[in-house]
>>> print(open('coords_34.cif').read())   # mmCIF, C-alpha atoms
data_my_file
loop_
_atom_site.label_atom_id
_atom_site.label_comp_id
_atom_site.auth_asym_id
_atom_site.auth_seq_id
_atom_site.Cartn_x
_atom_site.Cartn_y
_atom_site.Cartn_z
CA MET L 1 -8.28 4.74 -12.73
CA PHE L 2 -11.16 7.23 -13.03
CA PRO L 3 -10.99 7.66 -16.85
CA HIS L 4 -11.09 3.91 -17.37
CA GLU L 5 -13.93 3.52 -14.89
CA ARG L 6 -15.86 6.25 -16.67
CA SER L 7 -15.45 4.43 -19.97
CA LEU L 8 -16.50 1.10 -18.38
CA VAL L 9 -19.66 2.60 -16.95
CA ASN L 10 -20.41 4.16 -20.31
CA LYS L 11 -19.67 1.07 -22.37
CA LEU L 12 -21.69 -1.25 -20.11
CA LYS L 13 -24.63 1.03 -19.33
CA ASP L 14 -27.13 -1.32 -20.99
CA GLU L 15 -25.53 -4.50 -19.60
CA PRO L 16 -26.06 -6.28 -16.27
CA PHE L 17 -23.13 -4.43 -14.71
CA ALA L 18 -22.69 -1.89 -11.93
CA LEU L 19 -19.63 -0.08 -10.65
CA ILE L 20 -20.09 0.50 -6.94
CA GLY L 21 -17.58 2.55 -4.98
CA VAL L 22 -16.66 2.54 -1.33
CA ASN L 23 -15.37 6.04 -0.74
CA SER L 24 -13.00 6.71 2.16
CA ASP L 25 -12.65 10.48 1.93
CA VAL L 26 -13.12 12.01 5.36
CA ASP L 27 -14.20 15.50 4.34
CA LEU L 28 -16.95 14.63 1.90
CA ALA L 29 -18.30 18.17 1.49
CA ALA L 30 -14.89 19.44 0.37
CA MET L 31 -14.38 16.56 -2.04
CA LYS L 32 -17.74 16.48 -3.78
CA PRO L 33 -16.97 19.28 -6.29
CA LYS L 34 -13.86 17.33 -7.32
CA PHE L 35 -15.90 14.15 -7.88
CA LYS L 36 -18.09 16.23 -10.17
CA ASP L 37 -15.06 17.51 -12.10
CA GLU L 38 -13.89 13.92 -12.54
CA GLN L 39 -17.42 12.88 -13.59
CA ILE L 40 -17.60 10.19 -10.92
CA THR L 41 -21.26 9.46 -11.45
CA TRP L 42 -21.42 5.93 -10.10
CA ARG L 43 -22.84 5.22 -6.67
CA SER L 44 -20.57 4.87 -3.67
CA PHE L 45 -20.96 3.88 -0.06
CA TRP L 46 -19.31 6.35 2.27
CA CYS L 47 -16.92 5.01 4.95
CA GLY L 48 -17.74 7.80 7.40
CA LYS L 49 -15.49 10.04 9.43
CA ASP L 50 -13.00 7.25 10.15
CA GLY L 51 -12.12 7.11 6.46
CA THR L 52 -9.83 4.23 5.57
CA ALA L 53 -10.18 2.88 9.13
CA GLY L 54 -13.98 2.88 8.86
CA ALA L 55 -16.28 -0.10 9.36
CA ILE L 56 -16.60 -1.12 5.69
CA PRO L 57 -12.88 -1.20 4.79
CA THR L 58 -12.20 -3.00 8.08
CA ALA L 59 -14.88 -5.64 7.43
CA TRP L 60 -13.46 -6.10 3.93
CA ASN L 61 -9.87 -6.20 5.23
CA VAL L 62 -8.76 -3.47 2.83
CA ARG L 63 -5.05 -2.79 3.31
CA GLY L 64 -4.33 -0.58 0.32
CA TRP L 65 -6.14 1.77 -2.04
CA PRO L 66 -7.50 1.18 -4.53
CA THR L 67 -8.68 -2.35 -3.77
CA LEU L 68 -11.14 -3.89 -6.21
CA TYR L 69 -13.48 -6.85 -5.88
CA LEU L 70 -15.27 -8.33 -8.87
CA ILE L 71 -18.56 -9.97 -7.85
CA ASP L 72 -20.70 -12.04 -10.23
CA HIS L 73 -24.47 -11.83 -10.69
CA ASN L 74 -24.98 -14.44 -7.96
CA GLY L 75 -23.07 -12.36 -5.41
CA THR L 76 -19.98 -14.59 -5.51
CA ILE L 77 -16.53 -13.00 -5.24
CA ARG L 78 -14.68 -13.92 -8.43
CA GLN L 79 -11.58 -11.71 -8.39
CA LYS L 80 -9.82 -9.21 -6.17
CA TRP L 81 -7.00 -6.80 -6.78
CA LEU L 82 -4.88 -4.71 -4.48
CA GLY L 83 -3.96 -1.75 -6.67
CA SER L 84 -5.35 -1.13 -10.13
CA PRO L 85 -5.25 -4.16 -12.43
CA ALA L 86 -4.20 -3.77 -16.05
CA GLU L 87 -7.16 -2.38 -18.00
CA ALA L 88 -7.15 -5.28 -20.47
CA VAL L 89 -7.23 -7.81 -17.60
CA LEU L 90 -10.06 -6.01 -15.85
CA ASP L 91 -12.08 -5.67 -19.07
CA ALA L 92 -11.67 -9.34 -19.96
CA GLU L 93 -12.80 -10.50 -16.49
CA ILE L 94 -15.82 -8.20 -16.54
CA ASP L 95 -16.82 -9.19 -20.09
CA LYS L 96 -16.69 -12.87 -19.16
CA LEU L 97 -18.92 -12.39 -16.10
CA VAL L 98 -21.34 -10.08 -17.94
CA ALA L 99 -21.76 -12.78 -20.61
CA ASP L 100 -22.48 -15.33 -17.86
CA ALA L 101 -25.01 -12.99 -16.25
CA LYS L 102 -26.78 -12.46 -19.58
CA SER L 103 -27.00 -16.15 -20.39
CA ALA L 104 -28.29 -16.86 -16.87
CA GLY L 105 -30.86 -14.08 -17.28
CA GLY L 106 -31.86 -15.52 -20.67
CA LYS L 107 -32.37 -18.98 -19.20
CA LYS L 108 -34.54 -17.57 -16.46
CA LYS L 109 -36.73 -15.85 -19.06
CA GLU L 110 -37.00 -19.06 -21.12
CA LYS L 111 -38.07 -20.90 -17.99
CA ALA L 112 -40.65 -18.27 -17.18
CA GLY L 113 -41.96 -18.47 -20.76
CA ALA L 114 -42.30 -22.26 -20.59
CA GLU L 115 -44.34 -22.14 -17.42
CA MET Y 1 13.60 27.69 4.44
CA ARG Y 2 16.61 25.46 4.25
CA SER Y 3 14.85 22.82 2.18
CA TRP Y 4 13.60 25.55 -0.14
CA LEU Y 5 17.19 26.70 -0.74
CA PHE Y 6 18.24 23.13 -1.33
CA ALA Y 7 15.51 22.61 -3.90
CA ALA Y 8 16.44 25.89 -5.60
CA CYS Y 9 20.04 24.72 -5.98
CA LEU Y 10 18.80 21.59 -7.72
CA VAL Y 11 16.59 23.49 -10.10
CA VAL Y 12 19.46 25.60 -11.41
CA GLY Y 13 21.63 22.49 -11.62
CA ALA Y 14 24.27 23.53 -9.08
CA SER Y 15 25.69 20.73 -7.00
CA PRO Y 16 23.73 20.41 -3.78
CA PRO Y 17 25.42 21.77 -0.67
CA VAL Y 18 26.27 19.48 2.22
CA LEU Y 19 24.39 21.05 5.07
CA ALA Y 20 26.08 20.65 8.39
CA GLN Y 21 24.02 22.91 10.57
CA GLU Y 22 23.58 21.63 14.06
CA ASP Y 23 19.81 21.62 13.71
CA ASP Y 24 19.81 19.32 10.68
CA THR Y 25 17.61 16.23 11.18
CA ALA Y 26 16.91 12.93 9.45
CA ALA Y 27 13.38 14.20 8.75
CA ALA Y 28 14.82 17.27 6.95
CA VAL Y 29 17.07 14.97 4.90
CA GLN Y 30 14.09 12.79 3.95
CA ASN Y 31 12.14 15.90 3.00
CA ASP Y 32 14.94 17.09 0.71
CA PHE Y 33 15.24 13.59 -0.75
CA VAL Y 34 11.56 13.65 -1.74
CA THR Y 35 11.92 17.19 -3.12
CA THR Y 36 14.90 16.09 -5.22
CA LEU Y 37 12.93 13.18 -6.68
CA ARG Y 38 10.01 15.43 -7.45
CA ASN Y 39 12.14 18.10 -9.13
CA ASN Y 40 14.08 15.61 -11.20
CA SER Y 41 10.90 13.82 -12.18
CA ALA Y 42 9.42 17.11 -13.41
CA LYS Y 43 12.55 17.67 -15.52
CA ALA Y 44 12.47 14.17 -17.05
CA PRO Y 45 8.95 12.73 -17.04
CA VAL Y 46 8.63 9.01 -16.48
CA GLY Y 47 8.21 7.14 -19.73
CA GLY Y 48 9.22 9.82 -22.18
CA ALA Y 49 10.09 9.02 -25.76
CA THR Y 50 12.05 5.86 -24.97
CA GLY Y 51 9.76 4.60 -22.21
CA VAL Y 52 12.83 4.11 -20.04
CA ARG Y 53 12.75 5.61 -16.56
CA PRO Y 54 15.88 7.70 -15.99
CA PRO Y 55 17.45 7.66 -12.51
CA LEU Y 56 15.45 10.16 -10.46
CA ILE Y 57 18.43 11.03 -8.31
CA SER Y 58 22.11 11.32 -9.25
CA GLU Y 59 24.95 9.64 -7.42
CA ASP Y 60 26.20 13.04 -6.20
CA GLU Y 61 22.81 14.19 -4.98
CA LEU Y 62 22.33 10.93 -3.08
CA GLN Y 63 25.80 11.06 -1.57
CA ALA Y 64 25.25 14.62 -0.34
CA LEU Y 65 22.11 13.49 1.50
CA ILE Y 66 23.87 10.46 2.98
CA ASP Y 67 26.77 12.68 4.11
CA ARG Y 68 24.32 14.88 5.98
CA CYS Y 69 23.03 11.84 7.90
CA TRP Y 70 26.56 10.88 8.91
CA LYS Y 71 27.18 14.47 10.07
CA ILE Y 72 24.09 14.29 12.28
CA TYR Y 73 25.25 10.97 13.67
CA ASP Y 74 28.84 12.15 14.24
CA GLN Y 75 27.68 15.24 16.12
CA ASN Y 76 26.57 12.90 18.93
CA ALA Y 77 23.12 14.40 18.65
CA GLY Y 78 21.75 11.90 21.19
CA GLU Y 79 18.49 9.99 20.92
CA PRO Y 80 16.33 9.75 18.91
CA ALA Y 81 18.46 11.74 16.40
CA GLU Y 82 21.24 9.16 16.11
CA PHE Y 83 18.97 6.19 15.46
CA GLU Y 84 17.02 8.23 12.95
CA ALA Y 85 20.17 9.35 11.14
CA LEU Y 86 21.41 5.75 10.76
CA ASN Y 87 17.96 4.61 9.69
CA GLN Y 88 17.84 7.41 7.12
CA VAL Y 89 21.14 6.21 5.63
CA LEU Y 90 19.49 2.81 5.04
CA VAL Y 91 16.44 4.45 3.45
CA LEU Y 92 18.60 6.56 1.14
CA ALA Y 93 21.18 3.92 0.28
CA ALA Y 94 18.56 1.30 -0.64
CA ASN Y 95 16.31 3.72 -2.54
CA PRO Y 96 15.10 2.34 -5.88
CA TYR Y 97 15.47 5.63 -7.80
CA LEU Y 98 19.22 5.52 -8.51
CA THR Y 99 19.87 2.87 -11.12
CA PRO Y 100 22.27 1.23 -11.24
CA VAL Y 101 22.99 1.35 -7.51
CA SER Y 102 26.33 3.01 -6.78
CA GLU Y 103 29.11 1.20 -4.92
CA LYS Y 104 29.29 4.15 -2.55
CA SER Y 105 25.67 3.84 -1.50
CA LEU Y 106 26.07 0.08 -0.98
CA ARG Y 107 28.99 0.82 1.35
CA ALA Y 108 26.91 3.42 3.20
CA TRP Y 109 24.13 0.85 3.70
CA HIS Y 110 26.67 -1.63 5.04
CA ASP Y 111 28.21 0.89 7.49
CA ALA Y 112 24.89 2.13 8.83
CA ALA Y 113 23.47 -1.39 9.16
CA ASP Y 114 26.59 -2.47 11.01
CA LYS Y 115 26.04 0.16 13.68
CA LEU Y 116 22.26 -0.20 13.85
CA PHE Y 117 22.24 -3.96 14.19
CA SER Y 118 24.81 -3.93 16.97
CA ASP Y 119 24.12 -0.74 18.99
CA PHE Y 120 20.34 -0.90 18.68
CA ILE Y 121 19.70 -4.64 18.40
CA ASP Y 122 17.38 -4.70 21.45
CA ASP Y 123 15.62 -1.44 20.54
CA ASP Y 124 11.91 -1.72 19.65
CA ARG Y 125 12.38 0.74 16.80
CA ILE Y 126 14.44 -1.80 14.90
CA ALA Y 127 11.29 -3.92 14.43
CA ALA Y 128 10.41 -1.69 11.45
CA LEU Y 129 13.61 -2.91 9.80
CA ALA Y 130 12.70 -6.52 10.51
CA LEU Y 131 9.55 -5.92 8.45
CA GLY Y 132 11.07 -4.09 5.54
CA MET Y 133 14.50 -5.20 4.42
CA PRO Y 134 15.53 -3.90 0.98
CA SER Y 135 14.62 -6.11 -1.94
CA ASN Y 136 17.66 -4.83 -3.85
CA GLU Y 137 19.61 -7.81 -5.26
CA LYS Y 138 23.01 -6.42 -4.29
CA LEU Y 139 21.94 -5.91 -0.69
CA LYS Y 140 20.19 -9.25 -0.32
CA LYS Y 141 23.05 -11.12 1.32
CA GLU Y 142 23.74 -8.30 3.78
CA ALA Y 143 20.04 -7.92 4.53
CA ASP Y 144 19.78 -11.64 5.25
CA GLY Y 145 22.73 -11.30 7.62
CA CYS Y 146 20.94 -8.48 9.47
CA THR Y 147 17.74 -10.51 9.69
CA ALA Y 148 19.78 -13.34 11.22
CA LYS Y 149 21.19 -10.93 13.82
CA LEU Y 150 17.65 -9.85 14.71
CA ALA Y 151 16.89 -13.39 15.90
CA GLY Y 152 19.02 -12.59 18.95
CA SER Y 153 17.12 -9.40 19.80
CA LYS Y 154 15.47 -9.15 23.23
CA SER Y 155 12.86 -6.65 21.93
CA LEU Y 156 9.31 -8.04 22.02
CA ALA Y 157 8.43 -5.82 19.04
CA VAL Y 158 11.25 -7.41 17.03
CA LYS Y 159 10.18 -10.94 18.04
CA ALA Y 160 6.61 -10.14 16.94
CA ALA Y 161 7.80 -8.66 13.63
CA LEU Y 162 9.94 -11.70 12.84
CA ALA Y 163 7.05 -14.08 13.51
CA PHE Y 164 4.67 -11.83 11.56
CA ARG Y 165 6.60 -11.76 8.29
CA PRO Y 166 6.23 -15.38 7.11
CA LEU Y 167 2.63 -15.52 8.36
CA SER Y 168 1.63 -12.38 6.48
CA GLN Y 169 3.18 -13.83 3.31
CA ARG Y 170 1.12 -17.00 3.74
CA ALA Y 171 -2.04 -14.97 4.36
CA ASP Y 172 -1.41 -12.82 1.26
CA ALA Y 173 -0.85 -15.91 -0.87
CA ALA Y 174 -4.08 -17.46 0.47
CA SER Y 175 -5.93 -14.25 -0.35
CA ASN Y 176 -4.97 -14.58 -4.02
CA THR Y 177 -5.27 -18.36 -4.30
CA PRO Y 178 -7.78 -19.85 -1.87
CA LEU Y 179 -6.50 -22.74 0.26
CA ASP Y 180 -8.22 -26.10 0.58
CA ALA Y 181 -10.11 -26.70 3.83
CA ALA Y 182 -7.17 -28.39 5.58
CA GLY Y 183 -4.76 -25.65 4.53
CA GLU Y 184 -7.13 -22.96 5.74
CA THR Y 185 -7.57 -24.68 9.11
CA ARG Y 186 -3.80 -24.94 9.49
CA LEU Y 187 -3.20 -21.28 8.61
CA ILE Y 188 -5.93 -20.10 10.98
CA ALA Y 189 -4.46 -22.22 13.80
CA ASP Y 190 -1.01 -20.67 13.16
CA LEU Y 191 -2.52 -17.17 13.09
CA GLU Y 192 -4.30 -17.77 16.42
CA ALA Y 193 -1.07 -19.09 17.97
CA PHE Y 194 0.78 -16.00 16.75
CA SER Y 195 -1.94 -13.80 18.23
CA ALA Y 196 -1.72 -15.58 21.58
CA ALA Y 197 2.05 -14.96 21.70
CA HIS Y 198 2.34 -11.50 20.13
CA GLY Y 199 -1.21 -10.13 19.81
CA ALA Y 200 -0.69 -7.26 22.23
CA GLN Y 201 2.27 -5.82 20.28
CA LYS Y 202 1.53 -2.78 18.13
CA GLN Y 203 1.99 -2.96 14.39
CA MET Y 204 3.99 -0.27 12.63
CA ARG Y 205 0.86 1.56 11.60
CA GLY Y 206 -2.34 1.60 13.58
CA GLY Y 207 -3.62 -1.42 15.44
CA SER Y 208 -2.13 -4.39 17.23
CA TYR Y 209 -1.05 -7.71 15.76
CA GLY Y 210 -4.12 -9.13 17.54
CA ASP Y 211 -6.34 -6.89 15.37
CA TRP Y 212 -4.41 -7.96 12.32
CA VAL Y 213 -5.07 -11.63 13.10
CA LYS Y 214 -8.76 -10.96 13.69
CA ASN Y 215 -9.13 -9.16 10.34
CA THR Y 216 -7.02 -11.70 8.49
CA VAL Y 217 -9.00 -14.68 9.81
CA ASN Y 218 -12.21 -12.87 8.86
CA ALA Y 219 -10.82 -12.34 5.34
CA LEU Y 220 -9.79 -16.00 5.01
CA LYS Y 221 -13.27 -17.15 5.99
CA ASN Y 222 -15.53 -14.50 4.47
CA LEU Y 223 -13.70 -12.73 1.64
CA LYS Y 224 -12.29 -15.58 -0.37
CA ILE Y 225 -12.58 -15.94 -4.11
CA GLY Y 226 -15.52 -18.28 -4.70
CA GLY Y 227 -17.27 -17.23 -1.49
CA THR Y 228 -20.38 -15.06 -1.20
CA ALA Y 229 -19.62 -11.34 -0.87
CA PRO Y 230 -20.55 -10.02 2.58
CA GLU Y 231 -23.43 -7.57 2.69
CA ILE Y 232 -22.72 -3.86 2.80
CA GLU Y 233 -25.45 -1.54 3.98
CA GLY Y 234 -25.01 2.16 4.45
CA PRO Y 235 -25.38 5.66 3.09
CA ASP Y 236 -24.23 6.73 -0.36
CA LEU Y 237 -22.47 10.07 -0.87
CA ASP Y 238 -25.83 11.87 -0.71
CA GLY Y 239 -26.79 10.15 2.54
CA VAL Y 240 -29.28 7.73 0.96
CA ASN Y 241 -29.02 4.19 2.37
CA PHE Y 242 -28.55 1.26 0.01
CA LYS Y 243 -27.29 -2.31 0.01
CA LEU Y 244 -24.71 -4.17 -2.03
CA SER Y 245 -27.27 -6.97 -2.49
CA ASP Y 246 -29.57 -4.47 -4.28
CA TYR Y 247 -27.34 -5.23 -7.27
CA ARG Y 248 -27.77 -9.02 -7.20
CA GLY Y 249 -28.37 -10.14 -10.78
CA LYS Y 250 -25.70 -7.74 -12.03
CA VAL Y 251 -21.94 -8.07 -12.16
CA VAL Y 252 -20.54 -5.65 -9.59
CA LEU Y 253 -17.10 -4.08 -9.64
CA LEU Y 254 -16.65 -2.94 -6.05
CA ASP Y 255 -13.99 -0.24 -5.89
CA PHE Y 256 -12.53 0.94 -2.58
CA TRP Y 257 -11.42 4.42 -3.55
CA GLY Y 258 -10.63 7.85 -2.22
CA TYR Y 259 -9.70 11.17 -3.72
CA TRP Y 260 -7.51 12.50 -0.88
#
>>> encode(input="coords_34.cif", output="structure tokens")
Amino acid sequence: MFPHERSLVNKLKDEPFALIGVNSDVDLAAMKPKFKDEQITWRSFWCGKDGTAGAIPTAWNVRGWPTLYLIDHNGTIRQKWLGSPAEAVLDAEIDKLVADAKSAGGKKKEKAGAE
Amino acid sequence: MRSWLFAACLVVGASPPVLAQEDDTAAAVQNDFVTTLRNNSAKAPVGGATGVRPPLISEDELQALIDRCWKIYDQNAGEPAEFEALNQVLVLAANPYLTPVSEKSLRAWHDAADKLFSDFIDDDRIAALALGMPSNEKLKKEADGCTAKLAGSKSLAVKAALAFRPLSQRADAASNTPLDAAGETRLIADLEAFSAAHGAQKQMRGGSYGDWVKNTVNALKNLKIGGTAPEIEGPDLDGVNFKLSDYRGKVVLLDFWGYW
């Protein structure tokens, strides 16, 4: 999953897209050098000492790792996956929503210009 | 030490010994099973040139492990060793790594299930089996027969597990394809009724069925596709607080991950 996520972050760095993690490692200090090795540069919430049983995974009813949610620019949940989806599926879903976000952003600008 | 020797035998390709020491346990058998899979997988990587996954365990290797379980059981090792030995036979015989499934392992599954589902029918430990019957085609009919026997169990854990299974399937389906309002109301009512009857029973891992219902109802209401993502607020990996809604205006891929 990490290599594909790295390439997503790279490919979409100038687009209205963000990869946000929710990390459930308990011993964060021990793990951080490994995140660096894997070039996990994107921002993550930390679940705290309870790890997978922490408040965030509980509130989000996460029952397996990885779980992914795809959220559009309005904050609406559009897809969710338990386990990694096929890369082509994930890419297509993201591309579609990024295009929507850009056209919505464009409209907003047009509106602002007209005023 | 013993499992190390066993693994060493596999590496040099000798046939694995049937260990009959009195201190052999189902846990040791499981450990050696996993070691066997790992060693064989290292010898023949998944995929390979043909992309076909070779069986990760041979018929002989599997039979040797099953024979050890029967030895443990036949030694009248007492509880919990006997239950665990029978249970381990089911785990081994229904494992998905020997393809095609051997007739011998099907017979072993049948024999162990026969004993488990008569001698231990009222035992709480059998609830785990109510939750996870093998999906193997050849065992389907037998597995259905065992599930039918479970209906007569006096164990409260088994009763809870049997009621849980169809509900959890409905909840999973609703998670992928949101229900209409009436369907959601109906499912939530059924979940609450289940919780009232079985909520105090513990699930296999972690919390109670009552907790499961609470989290599942929350997911149905607040985590559905088409609904607004709940807010997350908390520290990042450097201890700096931020919010999920800081990213409104952008598409967000939210990844629950861990390195472990």
>>> atom_distance(input="coords_34.cif", atom1="atom CA of L:Pro16", atom2="atom CA of Y:Lys243")
16.8 Å
>>> resolve_selection(input="coords_34.cif", expression="the PyMOL selection byres ((chain L) within 6 of (chain Y))", output="PDB file with C-alpha atoms, keeping the file's coordinate frame")
ATOM      1  CA  PRO L  16     -26.060  -6.280 -16.270  1.00  0.00           C
ATOM      2  CA  PHE L  17     -23.130  -4.430 -14.710  1.00  0.00           C
ATOM      3  CA  ALA L  18     -22.690  -1.890 -11.930  1.00  0.00           C
ATOM      4  CA  LEU L  19     -19.630  -0.080 -10.650  1.00  0.00           C
ATOM      5  CA  ILE L  20     -20.090   0.500  -6.940  1.00  0.00           C
ATOM      6  CA  GLY L  21     -17.580   2.550  -4.980  1.00  0.00           C
ATOM      7  CA  VAL L  22     -16.660   2.540  -1.330  1.00  0.00           C
ATOM      8  CA  ASN L  23     -15.370   6.040  -0.740  1.00  0.00           C
ATOM      9  CA  SER L  24     -13.000   6.710   2.160  1.00  0.00           C
ATOM     10  CA  ASP L  25     -12.650  10.480   1.930  1.00  0.00           C
ATOM     11  CA  SER L  44     -20.570   4.870  -3.670  1.00  0.00           C
ATOM     12  CA  PHE L  45     -20.960   3.880  -0.060  1.00  0.00           C
ATOM     13  CA  TRP L  46     -19.310   6.350   2.270  1.00  0.00           C
ATOM     14  CA  ASN L  61      -9.870  -6.200   5.230  1.00  0.00           C
ATOM     15  CA  PRO L  66      -7.500   1.180  -4.530  1.00  0.00           C
ATOM     16  CA  THR L  67      -8.680  -2.350  -3.770  1.00  0.00           C
ATOM     17  CA  LEU L  68     -11.140  -3.890  -6.210  1.00  0.00           C
ATOM     18  CA  TYR L  69     -13.480  -6.850  -5.880  1.00  0.00           C
ATOM     19  CA  LEU L  70     -15.270  -8.330  -8.870  1.00  0.00           C
ATOM     20  CA  ILE L  71     -18.560  -9.970  -7.850  1.00  0.00           C
ATOM     21  CA  ASP L  72     -20.700 -12.040 -10.230  1.00  0.00           C
ATOM     22  CA  HIS L  73     -24.470 -11.830 -10.690  1.00  0.00           C
ATOM     23  CA  GLY L  75     -23.070 -12.360  -5.410  1.00  0.00           C
ATOM     24  CA  THR L  76     -19.980 -14.590  -5.510  1.00  0.00           C
ATOM     25  CA  ILE L  77     -16.530 -13.000  -5.240  1.00  0.00           C
ATOM     26  CA  ARG L  78     -14.680 -13.920  -8.430  1.00  0.00           C
TER      27      ARG L  78
END
>>> closest_residue(input="coords_34.cif", among="Y:Asp211, Y:Glu59, Y:Glu192, Y:Asp114", to="Y:Val101", atoms="all atoms listed in the file")
Y:Glu59
>>> closest_residue(input="coords_34.cif", among="Y:Leu106, Y:Cys69, Y:Lys140, Y:Phe83", to="Y:Asp119", atoms="all atoms listed in the file")
Y:Phe83
>>> atom_distance(input="coords_34.cif", atom1="atom CA of Y:Asn39", atom2="atom CA of Y:Ala85")
23.5 Å
>>> atom_distance(input="coords_34.cif", atom1="atom CA of Y:Asp190", atom2="atom CA of Y:Leu167")
7.9 Å
>>> closest_residue(input="coords_34.cif", among="Y:Asp172, Y:Glu137, Y:Glu84, Y:Asp122", to="Y:Ala151", atoms="all atoms listed in the file")
Y:Asp122
>>> closest_residue(input="coords_34.cif", among="L:Glu5, L:Asp27, L:Glu38, L:Asp91", to="L:Asp50", atoms="only C-alpha atoms")
L:Asp27
